[in-house]
file protein_23.cif (mmCIF, N, CA and C atoms)
data_start
#
loop_
_atom_site.label_atom_id
_atom_site.label_comp_id
_atom_site.auth_asym_id
_atom_site.auth_seq_id
_atom_site.Cartn_x
_atom_site.Cartn_y
_atom_site.Cartn_z
N MET T 9 190.16 127.59 121.56
CA MET T 9 189.01 127.89 122.36
C MET T 9 187.72 127.79 121.55
N VAL T 10 186.65 127.54 122.27
CA VAL T 10 185.34 127.41 121.64
C VAL T 10 184.67 128.77 121.62
N GLU T 11 184.23 129.15 120.42
CA GLU T 11 183.55 130.43 120.31
C GLU T 11 182.11 130.30 120.77
N LYS T 12 181.64 131.31 121.42
CA LYS T 12 180.24 131.31 121.87
C LYS T 12 179.35 131.72 120.70
N GLN T 13 178.26 130.97 120.54
CA GLN T 13 177.32 131.36 119.51
C GLN T 13 176.49 132.52 120.05
N GLU T 14 175.99 133.27 119.11
CA GLU T 14 175.15 134.39 119.54
C GLU T 14 173.90 133.85 120.20
N LEU T 15 173.49 134.50 121.23
CA LEU T 15 172.33 134.05 122.00
C LEU T 15 171.06 134.13 121.16
N GLY T 16 170.92 135.15 120.33
CA GLY T 16 169.73 135.32 119.51
C GLY T 16 169.56 134.22 118.48
N THR T 17 170.61 133.79 117.85
CA THR T 17 170.55 132.76 116.84
C THR T 17 170.12 131.44 117.46
N ASN T 18 170.67 131.11 118.60
CA ASN T 18 170.32 129.88 119.29
C ASN T 18 168.85 129.90 119.70
N TRP T 19 168.39 131.02 120.19
CA TRP T 19 166.99 131.14 120.63
C TRP T 19 166.04 130.99 119.43
N GLU T 20 166.38 131.58 118.29
CA GLU T 20 165.55 131.47 117.10
C GLU T 20 165.47 130.02 116.62
N GLY T 21 166.59 129.33 116.67
CA GLY T 21 166.59 127.93 116.28
C GLY T 21 165.72 127.09 117.19
N PHE T 22 165.75 127.40 118.48
CA PHE T 22 164.93 126.68 119.44
C PHE T 22 163.44 126.91 119.17
N VAL T 23 163.07 128.15 118.90
CA VAL T 23 161.67 128.48 118.65
C VAL T 23 161.19 127.80 117.36
N LYS T 24 162.03 127.83 116.31
CA LYS T 24 161.65 127.19 115.06
C LYS T 24 161.47 125.69 115.24
N MET T 25 162.38 125.08 116.00
CA MET T 25 162.28 123.64 116.26
C MET T 25 161.01 123.32 117.04
N LEU T 26 160.68 124.17 118.01
CA LEU T 26 159.49 123.96 118.83
C LEU T 26 158.22 124.11 117.97
N LEU T 27 158.19 125.12 117.13
CA LEU T 27 157.03 125.32 116.25
C LEU T 27 156.87 124.15 115.30
N HIS T 28 157.98 123.65 114.79
CA HIS T 28 157.93 122.52 113.86
C HIS T 28 157.42 121.26 114.55
N ARG T 29 157.91 120.99 115.74
CA ARG T 29 157.49 119.78 116.46
C ARG T 29 156.03 119.83 116.89
N LEU T 30 155.53 121.00 117.22
CA LEU T 30 154.15 121.13 117.67
C LEU T 30 153.18 121.41 116.52
N ASP T 31 153.68 121.41 115.30
CA ASP T 31 152.88 121.69 114.10
C ASP T 31 152.13 123.02 114.20
N ILE T 32 152.82 124.02 114.67
CA ILE T 32 152.25 125.36 114.75
C ILE T 32 152.73 126.13 113.52
N PRO T 33 151.80 126.68 112.74
CA PRO T 33 152.21 127.38 111.51
C PRO T 33 152.95 128.68 111.84
N THR T 34 153.92 128.97 111.01
CA THR T 34 154.66 130.21 111.16
C THR T 34 153.98 131.31 110.35
N LYS T 35 154.50 132.51 110.47
CA LYS T 35 153.92 133.63 109.74
C LYS T 35 154.05 133.40 108.23
N GLU T 36 155.16 132.81 107.81
CA GLU T 36 155.36 132.53 106.39
C GLU T 36 154.33 131.50 105.89
N ASP T 37 154.05 130.49 106.72
CA ASP T 37 153.05 129.48 106.35
C ASP T 37 151.68 130.12 106.18
N ILE T 38 151.34 130.99 107.10
CA ILE T 38 150.02 131.65 107.04
C ILE T 38 149.94 132.57 105.83
N THR T 39 151.02 133.27 105.53
CA THR T 39 151.05 134.14 104.35
C THR T 39 150.88 133.32 103.07
N LEU T 40 151.56 132.18 103.01
CA LEU T 40 151.44 131.30 101.84
C LEU T 40 150.00 130.80 101.69
N LEU T 41 149.39 130.37 102.78
CA LEU T 41 148.00 129.89 102.73
C LEU T 41 147.04 131.01 102.34
N HIS T 42 147.31 132.20 102.84
CA HIS T 42 146.45 133.34 102.51
C HIS T 42 146.51 133.63 101.01
N GLY T 43 147.70 133.55 100.43
CA GLY T 43 147.84 133.75 98.98
C GLY T 43 147.09 132.69 98.19
N ARG T 44 147.18 131.45 98.65
CA ARG T 44 146.46 130.37 97.96
C ARG T 44 144.95 130.57 98.05
N LEU T 45 144.46 131.00 99.22
CA LEU T 45 143.03 131.25 99.37
C LEU T 45 142.57 132.38 98.44
N ASP T 46 143.39 133.40 98.31
CA ASP T 46 143.04 134.49 97.39
C ASP T 46 142.90 133.98 95.96
N LYS T 47 143.81 133.11 95.54
CA LYS T 47 143.73 132.55 94.19
C LYS T 47 142.47 131.71 94.02
N LEU T 48 142.13 130.90 95.03
CA LEU T 48 140.91 130.09 94.96
C LEU T 48 139.67 130.96 94.89
N GLU T 49 139.63 132.01 95.69
CA GLU T 49 138.47 132.91 95.67
C GLU T 49 138.32 133.57 94.30
N GLN T 50 139.44 133.94 93.69
CA GLN T 50 139.38 134.54 92.36
C GLN T 50 138.84 133.55 91.34
N LEU T 51 139.27 132.28 91.43
CA LEU T 51 138.75 131.26 90.52
C LEU T 51 137.27 131.04 90.73
N LEU T 52 136.83 130.99 91.98
CA LEU T 52 135.40 130.81 92.26
C LEU T 52 134.59 132.00 91.75
N TYR T 53 135.12 133.19 91.91
CA TYR T 53 134.42 134.38 91.44
C TYR T 53 134.28 134.36 89.92
N GLN T 54 135.33 133.91 89.23
CA GLN T 54 135.27 133.83 87.78
C GLN T 54 134.22 132.84 87.32
N LYS T 55 134.11 131.69 88.02
CA LYS T 55 133.12 130.69 87.66
C LYS T 55 131.71 131.20 87.93
N LYS T 56 131.52 131.89 89.05
CA LYS T 56 130.20 132.42 89.38
C LYS T 56 129.78 133.50 88.40
N SER T 57 130.71 134.33 88.00
CA SER T 57 130.35 135.40 87.06
C SER T 57 129.93 134.84 85.71
N GLY T 58 130.48 133.70 85.32
CA GLY T 58 130.06 133.06 84.08
C GLY T 58 128.67 132.49 84.20
N ALA T 59 128.32 131.96 85.37
CA ALA T 59 127.00 131.39 85.58
C ALA T 59 125.97 132.48 85.82
N ALA T 60 126.40 133.65 86.27
CA ALA T 60 125.46 134.72 86.58
C ALA T 60 124.87 135.35 85.33
N LYS T 61 125.39 135.04 84.16
CA LYS T 61 124.88 135.63 82.94
C LYS T 61 123.47 135.16 82.62
N LYS T 62 123.10 133.97 83.09
CA LYS T 62 121.77 133.44 82.84
C LYS T 62 120.83 133.91 83.93
N ARG T 63 120.24 135.05 83.72
CA ARG T 63 119.29 135.59 84.70
C ARG T 63 117.89 135.52 84.11
N PRO T 64 116.90 135.23 84.95
CA PRO T 64 115.53 135.19 84.44
C PRO T 64 115.06 136.59 84.07
N LYS T 65 114.13 136.63 83.16
CA LYS T 65 113.58 137.92 82.74
C LYS T 65 112.82 138.54 83.91
N PRO T 66 112.90 139.84 84.07
CA PRO T 66 112.28 140.48 85.22
C PRO T 66 110.76 140.35 85.27
N GLY T 67 110.10 140.18 84.14
CA GLY T 67 108.65 140.08 84.13
C GLY T 67 108.12 138.73 84.57
N LEU T 68 108.95 137.69 84.46
CA LEU T 68 108.50 136.34 84.80
C LEU T 68 108.86 136.00 86.24
N LYS T 69 107.89 135.45 86.96
CA LYS T 69 108.12 135.03 88.34
C LYS T 69 108.01 133.52 88.41
N LYS T 70 108.80 132.93 89.29
CA LYS T 70 108.70 131.50 89.51
C LYS T 70 107.48 131.22 90.37
N LYS T 71 106.83 130.10 90.08
CA LYS T 71 105.69 129.70 90.88
C LYS T 71 106.17 129.02 92.15
N SER T 72 105.43 129.17 93.21
CA SER T 72 105.77 128.47 94.44
C SER T 72 105.37 127.01 94.31
N ALA T 73 105.94 126.18 95.15
CA ALA T 73 105.64 124.76 95.12
C ALA T 73 104.17 124.51 95.43
N SER T 74 103.62 125.29 96.36
CA SER T 74 102.20 125.12 96.71
C SER T 74 101.29 125.45 95.53
N SER T 75 101.64 126.50 94.78
CA SER T 75 100.78 126.85 93.64
C SER T 75 100.88 125.81 92.53
N ILE T 76 102.04 125.17 92.40
CA ILE T 76 102.18 124.11 91.40
C ILE T 76 101.29 122.93 91.78
N VAL T 77 101.29 122.58 93.07
CA VAL T 77 100.44 121.47 93.54
C VAL T 77 98.97 121.84 93.38
N LEU T 78 98.61 123.09 93.66
CA LEU T 78 97.22 123.53 93.49
C LEU T 78 96.80 123.46 92.03
N ASP T 79 97.71 123.73 91.11
CA ASP T 79 97.40 123.61 89.68
C ASP T 79 97.07 122.16 89.31
N VAL T 80 97.79 121.22 89.93
CA VAL T 80 97.51 119.80 89.67
C VAL T 80 96.12 119.45 90.19
N PHE T 81 95.78 119.97 91.36
CA PHE T 81 94.43 119.73 91.90
C PHE T 81 93.37 120.36 91.01
N ALA T 82 93.67 121.52 90.42
CA ALA T 82 92.71 122.18 89.53
C ALA T 82 92.46 121.35 88.28
N ASN T 83 93.47 120.61 87.83
CA ASN T 83 93.30 119.75 86.65
C ASN T 83 92.49 118.50 86.94
N HIS T 84 92.30 118.18 88.21
CA HIS T 84 91.52 117.00 88.62
C HIS T 84 90.42 117.45 89.59
N PRO T 85 89.31 117.99 89.06
CA PRO T 85 88.25 118.53 89.94
C PRO T 85 87.59 117.47 90.81
N GLU T 86 87.59 116.20 90.39
CA GLU T 86 86.96 115.15 91.19
C GLU T 86 87.86 114.68 92.32
N GLY T 87 89.13 115.09 92.30
CA GLY T 87 90.09 114.70 93.31
C GLY T 87 91.17 113.80 92.72
N THR T 88 92.30 113.76 93.38
CA THR T 88 93.40 112.95 92.89
C THR T 88 94.20 112.39 94.05
N ASN T 89 94.99 111.37 93.76
CA ASN T 89 95.76 110.74 94.82
C ASN T 89 97.19 111.26 94.85
N PHE T 90 97.91 110.82 95.85
CA PHE T 90 99.28 111.26 96.09
C PHE T 90 100.20 110.88 94.94
N LYS T 91 100.03 109.66 94.42
CA LYS T 91 100.89 109.18 93.34
C LYS T 91 100.79 110.07 92.10
N THR T 92 99.59 110.47 91.76
CA THR T 92 99.38 111.31 90.58
C THR T 92 100.02 112.68 90.77
N ILE T 93 99.87 113.22 91.96
CA ILE T 93 100.45 114.54 92.25
C ILE T 93 101.98 114.46 92.18
N LYS T 94 102.53 113.40 92.74
CA LYS T 94 103.98 113.23 92.74
C LYS T 94 104.52 113.09 91.32
N ALA T 95 103.80 112.34 90.48
CA ALA T 95 104.23 112.16 89.09
C ALA T 95 104.13 113.46 88.31
N ALA T 96 103.09 114.26 88.59
CA ALA T 96 102.88 115.50 87.85
C ALA T 96 103.87 116.59 88.25
N THR T 97 104.22 116.64 89.53
CA THR T 97 105.10 117.72 90.00
C THR T 97 106.57 117.33 90.00
N GLY T 98 106.87 116.06 90.28
CA GLY T 98 108.26 115.64 90.37
C GLY T 98 108.90 115.97 91.70
N PHE T 99 108.10 116.42 92.67
CA PHE T 99 108.63 116.75 94.00
C PHE T 99 108.93 115.47 94.78
N GLU T 100 109.84 115.60 95.75
CA GLU T 100 110.15 114.48 96.62
C GLU T 100 108.95 114.22 97.53
N GLU T 101 108.88 113.01 98.05
CA GLU T 101 107.74 112.59 98.86
C GLU T 101 107.56 113.46 100.10
N LYS T 102 108.63 113.73 100.83
CA LYS T 102 108.55 114.52 102.06
C LYS T 102 108.05 115.93 101.77
N LYS T 103 108.59 116.54 100.73
CA LYS T 103 108.19 117.89 100.36
C LYS T 103 106.72 117.93 99.99
N LEU T 104 106.29 116.96 99.21
CA LEU T 104 104.91 116.91 98.76
C LEU T 104 103.95 116.68 99.92
N ARG T 105 104.31 115.81 100.84
CA ARG T 105 103.46 115.57 102.02
C ARG T 105 103.33 116.84 102.86
N ASN T 106 104.42 117.57 103.01
CA ASN T 106 104.35 118.83 103.77
C ASN T 106 103.46 119.85 103.08
N ILE T 107 103.54 119.94 101.77
CA ILE T 107 102.71 120.89 101.02
C ILE T 107 101.23 120.52 101.16
N ILE T 108 100.93 119.24 101.00
CA ILE T 108 99.53 118.80 101.12
C ILE T 108 99.01 119.06 102.53
N PHE T 109 99.84 118.81 103.53
CA PHE T 109 99.43 119.07 104.92
C PHE T 109 99.12 120.55 105.12
N ARG T 110 100.01 121.43 104.62
CA ARG T 110 99.78 122.86 104.79
C ARG T 110 98.55 123.34 104.04
N LEU T 111 98.37 122.85 102.80
CA LEU T 111 97.20 123.26 102.01
C LEU T 111 95.91 122.80 102.67
N ASP T 112 95.93 121.62 103.26
CA ASP T 112 94.75 121.12 103.98
C ASP T 112 94.50 121.95 105.23
N LYS T 113 95.56 122.33 105.91
CA LYS T 113 95.43 123.10 107.14
C LYS T 113 94.85 124.49 106.89
N ILE T 114 95.23 125.11 105.76
CA ILE T 114 94.70 126.45 105.46
C ILE T 114 93.43 126.38 104.60
N LYS T 115 92.88 125.18 104.46
CA LYS T 115 91.59 124.94 103.79
C LYS T 115 91.60 125.30 102.31
N ARG T 116 92.73 125.09 101.63
CA ARG T 116 92.79 125.30 100.19
C ARG T 116 92.43 124.02 99.44
N ILE T 117 92.64 122.87 100.09
CA ILE T 117 92.23 121.58 99.53
C ILE T 117 91.40 120.86 100.58
N LYS T 118 90.67 119.84 100.11
CA LYS T 118 89.80 119.08 101.00
C LYS T 118 90.12 117.61 100.84
N ARG T 119 90.14 116.90 101.94
CA ARG T 119 90.38 115.46 101.91
C ARG T 119 89.06 114.76 101.63
N VAL T 120 88.94 114.10 100.47
CA VAL T 120 87.73 113.39 100.09
C VAL T 120 87.66 112.08 100.87
N LYS T 121 88.70 111.30 100.80
CA LYS T 121 88.86 110.10 101.59
C LYS T 121 90.36 109.87 101.75
N ARG T 122 90.72 108.80 102.39
CA ARG T 122 92.13 108.56 102.69
C ARG T 122 92.96 108.53 101.40
N GLY T 123 93.90 109.49 101.28
CA GLY T 123 94.80 109.53 100.13
C GLY T 123 94.24 110.24 98.92
N ILE T 124 92.99 110.71 98.98
CA ILE T 124 92.37 111.40 97.85
C ILE T 124 92.05 112.83 98.30
N TYR T 125 92.53 113.81 97.53
CA TYR T 125 92.33 115.21 97.85
C TYR T 125 91.77 115.92 96.64
N LYS T 126 91.05 117.03 96.88
CA LYS T 126 90.58 117.87 95.79
C LYS T 126 90.62 119.32 96.22
N LYS T 127 90.62 120.19 95.22
CA LYS T 127 90.71 121.62 95.49
C LYS T 127 89.36 122.12 95.97
N VAL T 128 89.37 123.02 96.92
CA VAL T 128 88.13 123.58 97.47
C VAL T 128 87.64 124.69 96.57
#
call {"tool": "encode", "arguments": {"input": "protein_23.cif", "output": "structure tokens"}}
result
Amino acid sequence: MVEKQELGTNWEGFVKMLLHRLDIPTKEDITLLHGRLDKLEQLLYQKKSGAAKKRPKPGLKKKSASSIVLDVFANHPEGTNFKTIKAATGFEEKKLRNIIFRLDKIKRIKRVKRGIYKKV
């Protein structure tokens, strides 16, 4: 005679086969991924903590991009062009154009003629 398999074992096999075919992760898969993520986070934290040692001194403040551009204008009282400002600051063209537009709008610089600006 043929022995009947336990109903629970057959059902578990069916569910595992279904999960495998549909690429649905099991609890074990998720636990394994969670452990790997924890290891990666620990590695990232270790790298960040090594980089965090280089902190600026509390008394020194970074200058804003606008103040750097204004310093360039201060060095050229007769006015200067876009190329000179870009070479002196090293900013990208889009960033520099936005800064010049804002400084002109708030009346910190004055447009002498097309492409030539000076500090007010």
call {"tool": "atom_distance", "arguments": {"input": "protein_23.cif", "atom1": "atom C of Ile117 (chain T)", "atom2": "CA of Ser75 (chain T)"}}
result
13.1 Å
call {"tool": "resolve_selection", "arguments": {"input": "protein_23.cif", "expression": "the PyMOL selection byres (((chain T and resi 96-105 and name CA) around 10) and name CA)", "output": "list in words"}}
result
Ala73, Ser74, Ile76, Val77, Asp79, Val80, Phe90, Lys91, Thr92, Ile93, Lys94, Ala95, Asn106, Ile107, Ile108, Phe109, Arg110 and Leu111 of chain T
call {"tool": "atom_distance", "arguments": {"input": "protein_23.cif", "atom1": "atom C of Lys115 (chain T)", "atom2": "atom N of Glu86 (chain T)"}}
result
15.5 Å
call {"tool": "residues_near_point", "arguments": {"input": "protein_23.cif", "point": "(91.2, 125.8, 97.2)", "cutoff": "8 Å", "atoms": "only C-alpha atoms", "output": "JSON, numbers by chain"}}
result
{"T": [78, 115, 116, 117, 118, 127, 128]}
call {"tool": "atom_distance", "arguments": {"input": "protein_23.cif", "atom1": "CA of Lys24 (chain T)", "atom2": "atom C of Leu40 (chain T)"}}
result
18.1 Å
call {"tool": "select_by_dssp", "arguments": {"input": "protein_23.cif", "residues": "chain T", "states": "strand (DSSP E)", "output": "ChimeraX atom specification"}}
result
/T:88-89,117-121,124-127
call {"tool": "write_last_selection", "arguments": {"input": "protein_23.cif", "atoms": "N, CA and C atoms", "output": "mmCIF file, in the frame of the given file"}}
result
data_model
loop_
_atom_site.group_PDB
_atom_site.id
_atom_site.type_symbol
_atom_site.label_atom_id
_atom_site.label_comp_id
_atom_site.auth_asym_id
_atom_site.auth_seq_id
_atom_site.Cartn_x
_atom_site.Cartn_y
_atom_site.Cartn_z
ATOM 1 N N THR T 88 92.300 113.760 93.380
ATOM 2 C CA THR T 88 93.400 112.950 92.890
ATOM 3 C C THR T 88 94.200 112.390 94.050
ATOM 4 N N ASN T 89 94.990 111.370 93.760
ATOM 5 C CA ASN T 89 95.760 110.740 94.820
ATOM 6 C C ASN T 89 97.190 111.260 94.850
ATOM 7 N N ILE T 117 92.640 122.870 100.090
ATOM 8 C CA ILE T 117 92.230 121.580 99.530
ATOM 9 C C ILE T 117 91.400 120.860 100.580
ATOM 10 N N LYS T 118 90.670 119.840 100.110
ATOM 11 C CA LYS T 118 89.800 119.080 101.000
ATOM 12 C C LYS T 118 90.120 117.610 100.840
ATOM 13 N N ARG T 119 90.140 116.900 101.940
ATOM 14 C CA ARG T 119 90.380 115.460 101.910
ATOM 15 C C ARG T 119 89.060 114.760 101.630
ATOM 16 N N VAL T 120 88.940 114.100 100.470
ATOM 17 C CA VAL T 120 87.730 113.390 100.090
ATOM 18 C C VAL T 120 87.660 112.080 100.870
ATOM 19 N N LYS T 121 88.700 111.300 100.800
ATOM 20 C CA LYS T 121 88.860 110.100 101.590
ATOM 21 C C LYS T 121 90.360 109.870 101.750
ATOM 22 N N ILE T 124 92.990 110.710 98.980
ATOM 23 C CA ILE T 124 92.370 111.400 97.850
ATOM 24 C C ILE T 124 92.050 112.830 98.300
ATOM 25 N N TYR T 125 92.530 113.810 97.530
ATOM 26 C CA TYR T 125 92.330 115.210 97.850
ATOM 27 C C TYR T 125 91.770 115.920 96.640
ATOM 28 N N LYS T 126 91.050 117.030 96.880
ATOM 29 C CA LYS T 126 90.580 117.870 95.790
ATOM 30 C C LYS T 126 90.620 119.320 96.220
ATOM 31 N N LYS T 127 90.620 120.190 95.220
ATOM 32 C CA LYS T 127 90.710 121.620 95.490
ATOM 33 C C LYS T 127 89.360 122.120 95.970
#
call {"tool": "select_by_dssp", "arguments": {"input": "protein_23.cif", "residues": "chain T", "states": "alpha helix (DSSP H)", "output": "ChimeraX atom specification"}}
result
/T:15-29,35-59,73-83,90-97,101-113
call {"tool": "closest_residue", "arguments": {"input": "protein_23.cif", "among": "T:Arg119, T:Lys47, T:Lys70, T:Lys126", "to": "Pro85 (chain T)", "atoms": "all atoms listed in the file"}}
result
T:Lys126
